[in-house]
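Asks: There's a structure below that I have some questions on.
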Amino acid sequence: MPKIKTKSSAKKRFKLTATGKIKRAKAGKSHLLSHKSRNRKRKLLQAGLVDAGSYARIRECLPNA
């Protein structure tokens, strides 16, 4: 049986934590930053976790991780 390939797009966007949760980057930090507050931009830098509804779909894209 052939090996299952990892989705390249998912490999670049997500990382697994030691407990099996999936880390992701928060949206909204790439452009139009001048009107966003300093506080908001700092909070967008911190990693978020993938919610329960999307977890299974993303985990399928990362079979070897």
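How things are named: the first chain in the structure tokens is A, the next is B, and so on; residues count from 1 in each chain; ligands count from 1 in the order shown.
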Determine which residues of chain A receive a DSSP assignment of strand (DSSP E), computed from the backbone, and state them as a PyMOL selection string.
Replies: chain A and resi 15-16+22-24+48-49
Asks: Neighbours of Pro63 in chain A within 8 Å (only C-alpha atoms; same-chain residues fewer than 3 positions away dropped), as a PyMOL selection string?
Replies: chain A and resi 4-6+59-60
Asks: Let's have the selection written as a compact mmCIF listing (two decimals), in the first residue's frame, with C-alpha atoms.
Replies:
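So selection_29.txt came out as:
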```txt
# COMPACT_ATOMS: atom_id res chain seq x y z
CA ILE A 4 0.06 8.81 2.37
CA LYS A 5 1.49 12.16 1.36
CA THR A 6 1.27 15.19 3.62
CA ARG A 59 -5.43 16.18 10.91
CA GLU A 60 -6.19 14.23 7.71
```
Asks: In Å, how far is it from CA of Val50 in chain A to CA of Phe14 in chain A?
Replies: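 So the two atoms, CA of Val50 in chain A and CA of Phe14 in chain A, lie 8.9 Å apart.
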Asks: Please provide the set of residues having any atom within 10 Å of Ala27 in chain A, restricted to only C-alpha atoms, with same-chain residues fewer than 2 positions apart removed, written as number ranges by chain.
Replies: A: 24-25, 29-30, 44-45, 48
Asks: With N, CA and C atoms retained, write the just-selected residues as an mmCIF file, in the first residue's frame.
Replies:
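File selection.cif, as written:
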```cif
data_model
loop_
_atom_site.group_PDB
_atom_site.id
_atom_site.type_symbol
_atom_site.label_atom_id
_atom_site.label_comp_id
_atom_site.auth_asym_id
_atom_site.auth_seq_id
_atom_site.Cartn_x
_atom_site.Cartn_y
_atom_site.Cartn_z
ATOM 1 N N ARG A 24 -1.926 27.166 14.975
ATOM 2 C CA ARG A 24 -2.112 27.889 13.726
ATOM 3 C C ARG A 24 -1.785 29.357 13.957
ATOM 4 N N ALA A 25 -1.537 30.075 12.874
ATOM 5 C CA ALA A 25 -1.316 31.517 12.961
ATOM 6 C C ALA A 25 -2.663 32.214 12.887
ATOM 7 N N LYS A 29 -2.815 39.791 10.117
ATOM 8 C CA LYS A 29 -1.564 40.441 10.509
ATOM 9 C C LYS A 29 -0.683 40.748 9.309
ATOM 10 N N SER A 30 -1.232 40.677 8.091
ATOM 11 C CA SER A 30 -0.369 40.853 6.924
ATOM 12 C C SER A 30 -0.457 42.238 6.288
ATOM 13 N N LEU A 44 -2.380 39.326 17.728
ATOM 14 C CA LEU A 44 -2.422 38.556 16.483
ATOM 15 C C LEU A 44 -1.128 37.781 16.240
ATOM 16 N N LEU A 45 -0.027 38.223 16.857
ATOM 17 C CA LEU A 45 1.246 37.525 16.696
ATOM 18 C C LEU A 45 1.252 36.171 17.400
ATOM 19 N N GLY A 48 -2.607 30.582 17.727
ATOM 20 C CA GLY A 48 -3.913 30.118 18.167
ATOM 21 C C GLY A 48 -3.988 28.614 17.991
#
```
